[in-house]
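protein29.cif, holding mmCIF, C-alpha atoms:
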```cif
data_data
#
loop_
_atom_site.group_PDB
_atom_site.id
_atom_site.type_symbol
_atom_site.label_atom_id
_atom_site.label_comp_id
_atom_site.auth_asym_id
_atom_site.auth_seq_id
_atom_site.Cartn_x
_atom_site.Cartn_y
_atom_site.Cartn_z
ATOM 1 C CA MET A 18 61.841 -224.593 50.019
ATOM 2 C CA LYS A 19 58.374 -223.072 49.878
ATOM 3 C CA LEU A 20 58.743 -221.709 53.408
ATOM 4 C CA THR A 21 62.053 -220.102 52.517
ATOM 5 C CA THR A 22 60.555 -218.332 49.504
ATOM 6 C CA THR A 23 57.641 -216.999 51.577
ATOM 7 C CA LEU A 24 59.937 -215.583 54.274
ATOM 8 C CA ALA A 25 62.122 -213.915 51.665
ATOM 9 C CA ALA A 26 59.126 -212.169 50.103
ATOM 10 C CA THR A 27 57.932 -211.029 53.531
ATOM 11 C CA PHE A 28 61.329 -209.515 54.412
ATOM 12 C CA THR A 29 61.450 -207.743 51.037
ATOM 13 C CA ALA A 30 58.019 -206.147 51.601
ATOM 14 C CA LEU A 31 59.013 -204.999 55.085
ATOM 15 C CA THR A 32 62.189 -203.497 53.672
ATOM 16 C CA PHE A 33 60.200 -201.388 51.187
ATOM 17 C CA VAL A 34 57.860 -200.241 53.931
ATOM 18 C CA ILE A 35 60.742 -199.251 56.213
ATOM 19 C CA VAL A 36 62.584 -197.509 53.406
ATOM 20 C CA GLY A 37 59.385 -195.678 52.409
ATOM 21 C CA CYS A 38 58.872 -194.507 55.984
ATOM 22 C CA ASP A 39 62.481 -193.379 56.214
ATOM 23 C CA ASP A 40 62.085 -191.434 52.932
ATOM 24 C CA LYS A 41 59.104 -189.541 54.295
ATOM 25 C CA LYS A 42 61.004 -188.685 57.466
ATOM 26 C CA ALA A 43 63.950 -187.435 55.417
ATOM 27 C CA ALA A 44 61.904 -185.136 53.124
ATOM 28 C CA VAL A 45 63.732 -182.005 51.966
ATOM 29 C CA PRO A 46 62.440 -178.898 53.868
ATOM 30 C CA HIS A 47 60.659 -176.297 51.740
ATOM 31 C CA ASP A 48 60.688 -178.578 48.676
ATOM 32 C CA HIS A 49 57.289 -177.597 47.291
ATOM 33 C CA ASP A 50 57.861 -178.814 43.722
ATOM 34 C CA GLY A 51 59.211 -182.298 44.712
ATOM 35 C CA ASP A 52 62.591 -182.000 42.994
ATOM 36 C CA GLY A 53 64.501 -182.791 46.178
ATOM 37 C CA LYS A 54 65.849 -179.257 46.520
ATOM 38 C CA PRO A 55 64.610 -176.542 48.908
ATOM 39 C CA ASP A 56 62.749 -173.774 47.075
ATOM 40 C CA HIS A 57 63.831 -171.136 49.602
ATOM 41 C CA GLY A 58 65.893 -170.728 52.732
ATOM 42 C CA PRO A 59 64.822 -171.479 56.310
ATOM 43 C CA GLU A 60 62.326 -169.077 57.869
ATOM 44 C CA ALA A 61 61.490 -167.617 54.454
ATOM 45 C CA HIS A 62 57.781 -168.044 55.251
ATOM 46 C CA GLY A 63 58.157 -165.551 58.083
ATOM 47 C CA LYS A 64 59.648 -162.804 55.926
ATOM 48 C CA PRO A 65 57.023 -161.606 53.414
ATOM 49 C CA VAL A 66 58.159 -159.076 50.831
ATOM 50 C CA PRO A 67 57.204 -155.570 52.063
ATOM 51 C CA HIS A 68 54.527 -153.800 49.987
ATOM 52 C CA ASP A 69 53.984 -156.909 47.804
ATOM 53 C CA HIS A 70 50.226 -156.460 47.315
ATOM 54 C CA ASP A 71 49.884 -158.593 44.175
ATOM 55 C CA GLY A 72 51.873 -161.610 45.490
ATOM 56 C CA ASP A 73 54.563 -161.608 42.785
ATOM 57 C CA GLY A 74 57.397 -161.471 45.331
ATOM 58 C CA LYS A 75 58.345 -157.913 44.381
ATOM 59 C CA PRO A 76 57.492 -154.679 46.266
ATOM 60 C CA ASP A 77 54.839 -152.649 44.452
ATOM 61 C CA HIS A 78 56.202 -149.314 45.729
ATOM 62 C CA ALA A 79 59.021 -147.872 47.803
ATOM 63 C CA ASP A 80 59.059 -147.568 51.592
ATOM 64 C CA GLY A 81 57.170 -144.591 52.934
ATOM 65 C CA ALA A 82 54.861 -144.335 49.939
ATOM 66 C CA HIS A 83 51.838 -144.840 52.215
ATOM 67 C CA ASP A 84 52.921 -141.811 54.268
ATOM 68 C CA LYS A 85 52.857 -139.400 51.329
ATOM 69 C CA ALA A 86 49.222 -138.974 50.543
ATOM 70 C CA ASP A 87 48.347 -136.909 47.512
ATOM 71 C CA PRO A 88 47.062 -133.579 48.916
ATOM 72 C CA HIS A 89 44.742 -133.324 45.941
ATOM 73 C CA ALA A 90 43.317 -136.837 46.263
ATOM 74 C CA GLY A 91 39.545 -136.767 46.372
ATOM 75 C CA HIS A 92 39.329 -133.160 45.181
ATOM 76 C CA ASP A 93 38.038 -132.077 41.803
ATOM 77 C CA HIS A 94 39.992 -128.849 41.382
ATOM 78 C CA ALA A 95 40.758 -127.233 38.090
ATOM 79 C CA GLN A 96 44.230 -125.879 37.425
ATOM 80 C CA GLY A 97 45.059 -122.877 39.611
ATOM 81 C CA GLU A 98 42.243 -123.440 42.065
ATOM 82 C CA HIS A 99 44.523 -123.455 45.098
ATOM 83 C CA LYS A 100 45.429 -119.787 44.849
ATOM 84 C CA GLY A 101 42.903 -119.274 47.611
ATOM 85 C CA PRO A 102 41.750 -121.724 50.302
ATOM 86 C CA ASP A 103 39.071 -124.005 48.809
ATOM 87 C CA HIS A 104 38.473 -121.500 46.041
ATOM 88 C CA GLY A 105 39.332 -120.936 42.414
ATOM 89 C CA ASN A 106 41.323 -118.008 41.051
ATOM 90 C CA ASP A 107 38.724 -115.691 42.508
ATOM 91 C CA ALA A 108 39.155 -116.012 46.266
ATOM 92 C CA HIS A 109 35.584 -114.841 46.753
ATOM 93 C CA ALA A 110 34.011 -117.367 44.408
ATOM 94 C CA GLY A 111 31.105 -119.155 45.998
ATOM 95 C CA HIS A 112 30.472 -116.421 48.544
ATOM 96 C CA SER A 113 27.289 -114.428 48.496
ATOM 97 C CA HIS A 114 27.724 -110.720 49.110
ATOM 98 C CA ALA A 115 24.810 -108.325 49.443
ATOM 99 C CA GLU A 116 24.555 -106.086 46.401
ATOM 100 C CA LYS A 117 24.944 -102.379 47.106
ATOM 101 C CA VAL A 118 21.830 -100.439 46.210
ATOM 102 C CA ALA A 119 20.762 -96.839 46.518
ATOM 103 C CA GLY A 120 17.500 -95.699 48.067
ATOM 104 C CA PRO A 121 14.383 -95.012 45.971
ATOM 105 C CA ASN A 122 15.335 -91.319 45.742
ATOM 106 C CA GLY A 123 18.991 -92.049 44.940
ATOM 107 C CA GLY A 124 20.277 -91.573 48.488
ATOM 108 C CA LYS A 125 22.403 -93.585 50.921
ATOM 109 C CA ILE A 126 20.719 -96.446 52.774
ATOM 110 C CA ILE A 127 21.416 -96.544 56.525
ATOM 111 C CA THR A 128 21.215 -100.197 57.492
ATOM 112 C CA ASN A 129 22.012 -100.186 61.212
ATOM 113 C CA VAL A 130 18.475 -99.101 62.076
ATOM 114 C CA GLU A 131 15.166 -100.946 61.618
ATOM 115 C CA PRO A 132 13.395 -100.231 59.430
ATOM 116 C CA HIS A 133 16.275 -99.119 57.207
ATOM 117 C CA ALA A 134 16.402 -95.443 56.317
ATOM 118 C CA GLU A 135 17.398 -93.524 53.188
ATOM 119 C CA PHE A 136 19.600 -90.453 53.708
ATOM 120 C CA PHE A 137 19.084 -88.120 50.750
ATOM 121 C CA VAL A 138 20.309 -84.574 50.054
ATOM 122 C CA THR A 139 17.792 -82.488 48.103
ATOM 123 C CA ALA A 140 18.604 -79.917 45.426
ATOM 124 C CA GLU A 141 18.197 -77.231 48.135
ATOM 125 C CA ARG A 142 20.873 -79.019 50.249
ATOM 126 C CA LYS A 143 18.366 -80.115 52.842
ATOM 127 C CA VAL A 144 18.391 -83.662 54.177
ATOM 128 C CA ARG A 145 15.402 -85.965 53.704
ATOM 129 C CA ILE A 146 15.238 -89.236 55.648
ATOM 130 C CA THR A 147 12.769 -91.834 54.391
ATOM 131 C CA PHE A 148 12.141 -95.203 56.040
ATOM 132 C CA LEU A 149 12.011 -98.282 53.814
ATOM 133 C CA ASP A 150 10.395 -101.707 53.790
ATOM 134 C CA ASP A 151 12.109 -104.933 52.756
ATOM 135 C CA ASP A 152 11.444 -104.131 49.088
ATOM 136 C CA ASN A 153 13.283 -100.798 49.341
ATOM 137 C CA LYS A 154 10.012 -98.880 49.104
ATOM 138 C CA ALA A 155 9.098 -95.850 51.212
ATOM 139 C CA ILE A 156 6.836 -96.356 54.238
ATOM 140 C CA ALA A 157 5.092 -93.782 56.391
ATOM 141 C CA VAL A 158 6.956 -92.283 59.331
ATOM 142 C CA ALA A 159 5.682 -93.622 62.644
ATOM 143 C CA ASN A 160 7.290 -92.397 65.868
ATOM 144 C CA GLN A 161 10.818 -91.988 64.510
ATOM 145 C CA SER A 162 12.856 -88.816 64.944
ATOM 146 C CA ALA A 163 16.283 -87.796 63.671
ATOM 147 C CA SER A 164 19.029 -85.189 64.018
ATOM 148 C CA ILE A 165 22.292 -84.578 62.151
ATOM 149 C CA VAL A 166 25.643 -83.094 63.197
ATOM 150 C CA CYS A 167 28.020 -82.319 60.325
ATOM 151 C CA GLY A 168 30.530 -79.889 58.837
ATOM 152 C CA ASP A 169 33.577 -78.389 60.517
ATOM 153 C CA ARG A 170 34.524 -80.387 63.601
ATOM 154 C CA SER A 171 35.496 -77.247 65.497
ATOM 155 C CA ASN A 172 32.250 -75.505 64.518
ATOM 156 C CA PRO A 173 29.717 -78.217 63.585
ATOM 157 C CA THR A 174 26.259 -77.632 62.136
ATOM 158 C CA THR A 175 23.255 -79.320 63.778
ATOM 159 C CA LEU A 176 20.158 -80.136 61.720
ATOM 160 C CA THR A 177 16.862 -81.123 63.294
ATOM 161 C CA LEU A 178 14.438 -83.103 61.159
ATOM 162 C CA ALA A 179 10.644 -83.007 61.311
ATOM 163 C CA LYS A 180 7.918 -85.019 59.620
ATOM 164 C CA GLU A 181 6.718 -83.652 56.293
ATOM 165 C CA ALA A 182 3.037 -82.809 55.839
ATOM 166 C CA TYR A 183 2.249 -85.992 53.913
ATOM 167 C CA GLY A 184 4.054 -88.070 56.570
ATOM 168 C CA MET A 185 6.408 -90.108 54.377
ATOM 169 C CA SER A 186 9.746 -88.469 55.286
ATOM 170 C CA LEU A 187 11.645 -86.442 57.849
ATOM 171 C CA VAL A 188 13.172 -83.229 56.440
ATOM 172 C CA SER A 189 15.841 -80.970 57.966
ATOM 173 C CA ASP A 190 14.904 -77.492 59.145
ATOM 174 C CA ILE A 191 18.035 -75.884 57.651
ATOM 175 C CA THR A 192 20.437 -76.616 54.826
ATOM 176 C CA LEU A 193 23.794 -78.318 54.999
ATOM 177 C CA PRO A 194 26.896 -76.185 55.606
ATOM 178 C CA ALA A 195 29.129 -75.075 52.721
ATOM 179 C CA GLY A 196 31.408 -77.629 51.126
ATOM 180 C CA ASN A 197 31.037 -80.912 49.295
ATOM 181 C CA ASN A 198 32.843 -83.319 51.597
ATOM 182 C CA PHE A 199 32.650 -83.302 55.398
ATOM 183 C CA PRO A 200 32.093 -85.705 58.321
ATOM 184 C CA THR A 201 28.491 -86.419 59.218
ATOM 185 C CA ILE A 202 26.766 -88.122 62.150
ATOM 186 C CA VAL A 203 23.121 -89.155 61.791
ATOM 187 C CA SER A 204 21.168 -90.026 64.956
ATOM 188 C CA ILE A 205 17.830 -91.808 64.587
ATOM 189 C CA LYS A 206 15.409 -92.767 67.362
ATOM 190 C CA THR A 207 12.785 -95.346 66.474
ATOM 191 C CA SER A 208 10.545 -94.086 69.300
ATOM 192 C CA PRO A 209 10.673 -91.302 71.905
ATOM 193 C CA GLU A 210 11.870 -93.804 74.535
ATOM 194 C CA ALA A 211 14.440 -95.596 72.362
ATOM 195 C CA GLN A 212 18.176 -95.029 72.458
ATOM 196 C CA PRO A 213 19.492 -93.205 69.376
ATOM 197 C CA VAL A 214 21.134 -95.264 66.642
ATOM 198 C CA ARG A 215 24.087 -93.400 65.148
ATOM 199 C CA SER A 216 25.616 -93.712 61.694
ATOM 200 C CA LYS A 217 28.896 -91.949 60.839
ATOM 201 C CA PHE A 218 30.201 -91.338 57.313
ATOM 202 C CA ALA A 219 31.822 -88.748 55.067
ATOM 203 C CA LEU A 220 29.163 -86.823 53.177
ATOM 204 C CA ASN A 221 30.738 -86.476 49.725
ATOM 205 C CA LEU A 222 28.375 -84.545 47.449
ATOM 206 C CA THR A 223 30.437 -84.840 44.252
ATOM 207 C CA ASP A 224 29.211 -86.958 41.354
ATOM 208 C CA CYS A 225 30.506 -90.524 41.122
ATOM 209 C CA PRO A 226 32.353 -91.024 37.803
ATOM 210 C CA SER A 227 31.140 -94.626 37.514
ATOM 211 C CA CYS A 228 27.454 -94.537 38.457
ATOM 212 C CA LYS A 229 24.587 -92.053 38.363
ATOM 213 C CA TYR A 230 24.627 -91.256 42.085
ATOM 214 C CA LYS A 231 26.538 -88.885 44.304
ATOM 215 C CA GLU A 232 29.608 -90.316 45.989
ATOM 216 C CA TYR A 233 27.900 -90.591 49.382
ATOM 217 C CA ALA A 234 25.273 -92.880 47.803
ATOM 218 C CA CYS A 235 27.556 -94.574 45.258
ATOM 219 C CA ILE A 236 26.884 -98.259 44.581
ATOM 220 C CA CYS A 237 30.255 -98.945 42.888
ATOM 221 C CA ASP A 238 32.918 -101.166 44.424
ATOM 222 C CA HIS A 239 35.608 -98.504 44.716
ATOM 223 C CA GLY A 240 36.382 -96.928 48.099
ATOM 224 C CA HIS A 241 34.740 -93.731 49.271
#
```

Since I need it in another form, could you write the structure as structure tokens?
Amino acid sequence: MKLTTTLAATFTALTFVIVGCDDKKAAVPHDHDGDGKPDHGPEAHGKPVPHDHDGDGKPDHADGAHDKADPHAGHDHAQGEHKGPDHGNDAHAGHSHAEKVAGPNGGKIITNVEPHAEFFVTAERKVRITFLDDDNKAIAVANQSASIVCGDRSNPTTLTLAKEAYGMSLVSDITLPAGNNFPTIVSIKTSPEAQPVRSKFALNLTDCPSCKYKEYACICDHGH
């Protein structure tokens, strides 16, 4: 009787072990919460939700949103600043432009020659050319020479300039032709051997309405 009871208990224990093993083998796929039901369909682990950055199972934005970058991202522009490229409403903002200045006598500065030269018309309608340093101050004439052709194109007037007695300017031998507005060509040689440097402009001798200079030496922004 004792042997029979022992064998019965042994078979019962083996039955539980076998049943337990069979239960583990028959576990419900994708049952993460243990309720015996799958929490999602097969292969759901291989199909993540597109654009779900916070892991809540919902897309955070629509498709293509990554391809539409904000053109203003990273730029600190005030309203209206894109009326010019990389500028504000004033398309020239941030650019440095040389300020227009007249010569020390109130004449036109010729900048394509070194040192720069002031072209000035005297009260007697003669031309005085004065060479300038970097501070716009007159310097003594060295070996420079100059000549001027101006007036009527079919019958131009030629002026030859010579050094004044005190040596600070070149002055024309004759006066300008009649009229207050005519084409002018100034030729300056920095030395006897140098090639002439020419400057062409309209010599307008009328008063500028906006500044204290003649139009040919005007420092305003309007056209001449």

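Using all atoms listed in the file for every distance, the candidate list A:Tyr230, A:Phe218, A:Phe148, A:Phe137 yields A:Phe137 as the residue closest to Leu193 (chain A).
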
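Among the candidates A:Ser162, A:Leu178, A:Pro173, A:Gly168, the residue lying nearest to Ile191 (chain A) is A:Leu178 (atoms considered: all atoms listed in the file).
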
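Across the model, the gap from CA of Gly124 (chain A) to CA of Leu149 (chain A) is 11.9 Å.
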
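Going from CA of Cys228 (chain A) to CA of Ile127 (chain A) covers 19.2 Å.
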
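Interatomic distance, CA of Asp151 (chain A) to CA of Pro213 (chain A): 21.6 Å.
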
Report task. May I have the residues within 9 Å of Ala119 (chain A) as number ranges by chain, using only C-alpha atoms and disregarding those fewer than 4 positions away in the same chain? Result -> A: 123-126, 135, 153, 230, 234-236
